[in-house]
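> Have a look at this one before I ask anything.
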2 protein chains.
Amino acid sequence: MNKTQTKEKILNCGAELIHEKGFNNTGISEVLKLAGVPKGSFYFYFESKDDFGLALIDRYVELVRQIHRENGVHLEKEPDKRLFAFFDSLVEFMNRTGYRKGCPLGNLVQEMSDLNENFRTKLESVFTDGERFVRKCLKGAVETGVFRKDLDMEMLPGFLLNSYQGAVMMCKLHKSEEPYRQFRHYAESIIKE
Amino acid sequence: MNKTQTKEKILNCGAELIHEKGFNNTGISEVLKLAGVPKGSFYFYFESKDDFGLALIDRYVELVRQIHRENGVHLEKEPDKRLFAFFDSLVEFMNRTGYRKGCPLGNLVQEMSDLNENFRTKLESVFTDGERFVRKCLKGAVETGVFRKDLDMEMLPGFLLNSYQGAVMMCKLHKSEEPYRQFRHYAESIIKE
């Protein structure tokens with residue numbers, strides 16, 4: 001493997017371990033062992049564990065996008081269907097693994113927001129992008145007449161995304177899709193005509 | 001200090017550190033150092049780090065109850081006001097510390113649900129109690145005619161509690177009360193007559 005491939009492998013193995021165990025609970029040596037990369041060569045690929053963590057956030061954004069693609073979010077032409085396919089995707093992914101792991105980005109929000117300002121600002125921009133996506137779908141579905149015309153486009157996207165994160169977290173606690181089913185029910189009751 | 005007092009001190013210091021840094025990211029030795037208890041005496045007080053962690057959940061339940069008491073939740077005679085005082089309490093507590101730390105029980109849900117089944121089942125029963133409290137307030141406020149009569153008492157308490165947890169988590173990310181303000185707005189719009 002060349003340097004780029006090895007770096008990719010370290011990131012993929014790190015993403016896998018950290019999704020389940022958390023960032024601070026996962027040792028660099030454990031990641032390197034899983035990747036089959038000699039101990040001690042970590043700093044050849046990353047400047048620091050922080051540098052690795054920030055690259056990991058990009059990797060998780062890519063993972064979540066991939067989960068969305070596999071669920072056909074991008075194929076939904078109608079904005080209301082696109083929005084709910086977006087919400088459904090991760091929960092269907094969790095369903096296949098016994099409601100384990102949850103949202104890798106939400107996990108990092110909970111774990112790292114107070115511990116590392118670089119993580120926090122990067123995660124904040126990821127969730128701002130998520131809000132933008134939700135807002136775009138909502139606006140589109142208002143235009144096509146599927147969603148209520150009086151939706152508050154300032155407050156609602158954030159509320160939906162944050163409630164969704166709460167639901168995903170509680171699917172992990174209850175090992176059940178029930179919290180998501182409740183979220184979906186009330187999300188629809190708020191936004192549908 | 002006698003054995004009970006020392007155990008209390010270890011738990012209080014552990015609760016403080018772990019609220020900020022997480023369970024797996026906090027070493028026993030660090031807790032003992034803060035408590036001023038000799039290293040190596042931990043197992044005189046607790047059977048294991050797990051045993052300590054489970055006692056810690058009880059300590060956090062007590063901390064959250066204390067935050068509610070300080071905010072006068074128990075003094076609110078009207079069930080609708082009691083419900084919103086309950087939700088407001090922790091966010092006002094967070095406001096005083098720059099939206100740090102978040103809900104100590106929600107943090108453990110996110111961190112520990114997949115890593116320790118004893119933690120998960122204990123946390124699940126804590127959140128089931130929380131749902132029961134929310135349901136009781138909702139039912140009371142329906143009876144007094146303040147909340148809509150057609151509220152779904154199976155789904156709504158869980159939805160509100162889970163959305164609330166999502167909002168608290170996002171207050172921690174954005175270092176702002178805005179996610180809570182959004183939660184409160186939509187919670188009221190769903191339940192009020």
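A note on labels: chains of the structure tokens are A, B, ... as shown, every chain counts residues from 1, and ligands are counted from 1 in their shown order.
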Give me the chain B side of the contact with chain A, cut-off 6 Å, one line per residue showing its nearest atom pair and distance in Å at one decimal, counting only C-alpha atoms, sorted by chain and residue number, as JSON lines.

{"residue": "B:Asn24", "atom": "CA", "partner": "A:Asn25", "partner_atom": "CA", "distance": 5.8}
{"residue": "B:Asn25", "atom": "CA", "partner": "A:Asn24", "partner_atom": "CA", "distance": 5.8}
{"residue": "B:Ser113", "atom": "CA", "partner": "A:Leu173", "partner_atom": "CA", "distance": 5.5}
{"residue": "B:Met155", "atom": "CA", "partner": "A:Gln182", "partner_atom": "CA", "distance": 5.9}
{"residue": "B:Phe159", "atom": "CA", "partner": "A:Gln182", "partner_atom": "CA", "distance": 5.6}
{"residue": "B:Asn162", "atom": "CA", "partner": "A:Gly166", "partner_atom": "CA", "distance": 4.9}
{"residue": "B:Ser163", "atom": "CA", "partner": "A:Ser163", "partner_atom": "CA", "distance": 4.1}
{"residue": "B:Gln165", "atom": "CA", "partner": "A:Gly166", "partner_atom": "CA", "distance": 5.3}
{"residue": "B:Gly166", "atom": "CA", "partner": "A:Gly166", "partner_atom": "CA", "distance": 3.6}
{"residue": "B:Ala167", "atom": "CA", "partner": "A:Asn162", "partner_atom": "CA", "distance": 5.5}
{"residue": "B:Leu173", "atom": "CA", "partner": "A:Ser113", "partner_atom": "CA", "distance": 5.5}
{"residue": "B:Gln182", "atom": "CA", "partner": "A:Phe159", "partner_atom": "CA", "distance": 5.6}
> Any chance you could list, as a PyMOL selection string, the residues in chain B that come up alpha helix (DSSP H) when DSSP is run on the backbone?
chain B and resi 3-21+28-35+42-45+49-70+79-95+104-112+117-143+156-174+178-191
> So that I can check the surroundings of range 39-45 of chain B, please list as a list in words every protein, DNA and RNA residue that reaches within 12 Å of it, counting only C-alpha atoms and ignoring chain neighbours fewer than 4 positions away.
Asn2, Lys3, Thr4, Gln5, Thr6, Lys7, Glu8, Lys9, Ile10, Leu11, Gly14, Gly27, Ile28, Ser29, Glu30, Val31, Leu32, Lys33, Leu34, Ala35, Lys49, Asp50, Asp51, Phe52 and Ala55 of chain B
> So how far away is CA of Met94 in chain A from CA of Tyr60 in chain A, in Å?
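It comes out at 14.9 Å.
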> Find the distance between CA of Val134 in chain B and CA of Leu83 in chain B and write it in Å to one decimal.
6.6 Å
> Please report the interatomic distance between CA of Leu151 in chain B and CA of Glu131 in chain A in Å with one decimal.
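Those two atoms sit 28.2 Å apart.
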> Tell me, as a PDB file with all heavy atoms, in the first residue's frame, which residues lie within 8 Å of Asn71 in chain A, counting only C-alpha atoms; anything in the same chain fewer than 2 positions away does not count.

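Output (around-v1.pdb):
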ATOM      1  N   ILE A  67     -24.818   6.068   3.339  1.00  0.00           N
ATOM      2  CA  ILE A  67     -26.049   5.451   3.874  1.00  0.00           C
ATOM      3  C   ILE A  67     -27.275   6.082   3.198  1.00  0.00           C
ATOM      4  O   ILE A  67     -28.216   5.392   2.824  1.00  0.00           O
ATOM      5  CB  ILE A  67     -26.095   5.608   5.419  1.00  0.00           C
ATOM      6  CG1 ILE A  67     -25.017   4.732   6.066  1.00  0.00           C
ATOM      7  CG2 ILE A  67     -27.474   5.249   5.969  1.00  0.00           C
ATOM      8  CD1 ILE A  67     -24.815   4.989   7.558  1.00  0.00           C
ATOM      9  N   HIS A  68     -27.232   7.389   2.995  1.00  0.00           N
ATOM     10  CA  HIS A  68     -28.323   8.071   2.295  1.00  0.00           C
ATOM     11  C   HIS A  68     -28.423   7.596   0.841  1.00  0.00           C
ATOM     12  O   HIS A  68     -29.520   7.330   0.350  1.00  0.00           O
ATOM     13  CB  HIS A  68     -28.116   9.585   2.315  1.00  0.00           C
ATOM     14  CG  HIS A  68     -28.283  10.206   3.672  1.00  0.00           C
ATOM     15  ND1 HIS A  68     -27.702  11.389   4.027  1.00  0.00           N
ATOM     16  CD2 HIS A  68     -28.971   9.787   4.765  1.00  0.00           C
ATOM     17  CE1 HIS A  68     -28.030  11.679   5.282  1.00  0.00           C
ATOM     18  NE2 HIS A  68     -28.785  10.716   5.751  1.00  0.00           N
ATOM     19  N   ARG A  69     -27.275   7.478   0.180  1.00  0.00           N
ATOM     20  CA  ARG A  69     -27.282   7.033  -1.221  1.00  0.00           C
ATOM     21  C   ARG A  69     -27.848   5.628  -1.349  1.00  0.00           C
ATOM     22  O   ARG A  69     -28.677   5.349  -2.200  1.00  0.00           O
ATOM     23  CB  ARG A  69     -25.852   7.050  -1.800  1.00  0.00           C
ATOM     24  CG  ARG A  69     -25.471   8.369  -2.469  1.00  0.00           C
ATOM     25  CD  ARG A  69     -24.240   8.202  -3.358  1.00  0.00           C
ATOM     26  NE  ARG A  69     -23.097   7.640  -2.628  1.00  0.00           N
ATOM     27  CZ  ARG A  69     -22.230   8.347  -1.913  1.00  0.00           C
ATOM     28  NH1 ARG A  69     -22.346   9.668  -1.833  1.00  0.00           N
ATOM     29  NH2 ARG A  69     -21.225   7.750  -1.281  1.00  0.00           N
ATOM     30  N   VAL A  73     -31.905   8.303  -1.251  1.00  0.00           N
ATOM     31  CA  VAL A  73     -32.359   9.668  -0.938  1.00  0.00           C
ATOM     32  C   VAL A  73     -32.251  10.573  -2.171  1.00  0.00           C
ATOM     33  O   VAL A  73     -33.186  11.321  -2.489  1.00  0.00           O
ATOM     34  CB  VAL A  73     -31.558  10.275   0.241  1.00  0.00           C
ATOM     35  CG1 VAL A  73     -31.948  11.730   0.479  1.00  0.00           C
ATOM     36  CG2 VAL A  73     -31.775   9.460   1.509  1.00  0.00           C
ATOM     37  N   ALA A  85     -36.916  10.143   3.370  1.00  0.00           N
ATOM     38  CA  ALA A  85     -35.914   9.120   3.036  1.00  0.00           C
ATOM     39  C   ALA A  85     -34.600   9.422   3.764  1.00  0.00           C
ATOM     40  O   ALA A  85     -33.907   8.517   4.250  1.00  0.00           O
ATOM     41  CB  ALA A  85     -35.691   9.074   1.524  1.00  0.00           C
ATOM     42  N   SER A  89     -33.075   6.772   6.531  1.00  0.00           N
ATOM     43  CA  SER A  89     -31.871   6.022   6.128  1.00  0.00           C
ATOM     44  C   SER A  89     -31.076   5.477   7.302  1.00  0.00           C
ATOM     45  O   SER A  89     -30.799   4.277   7.389  1.00  0.00           O
ATOM     46  CB  SER A  89     -30.931   6.920   5.314  1.00  0.00           C
ATOM     47  OG  SER A  89     -31.589   7.459   4.209  1.00  0.00           O
TER      48      SER A  89
END
> What lies within 10 Å of Glu70 in chain B using only C-alpha atoms, ignoring chain neighbours under 5 positions off, as a list in words?
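Here the answer would be Val64, Arg65, Ser89 and Phe93 of chain B.
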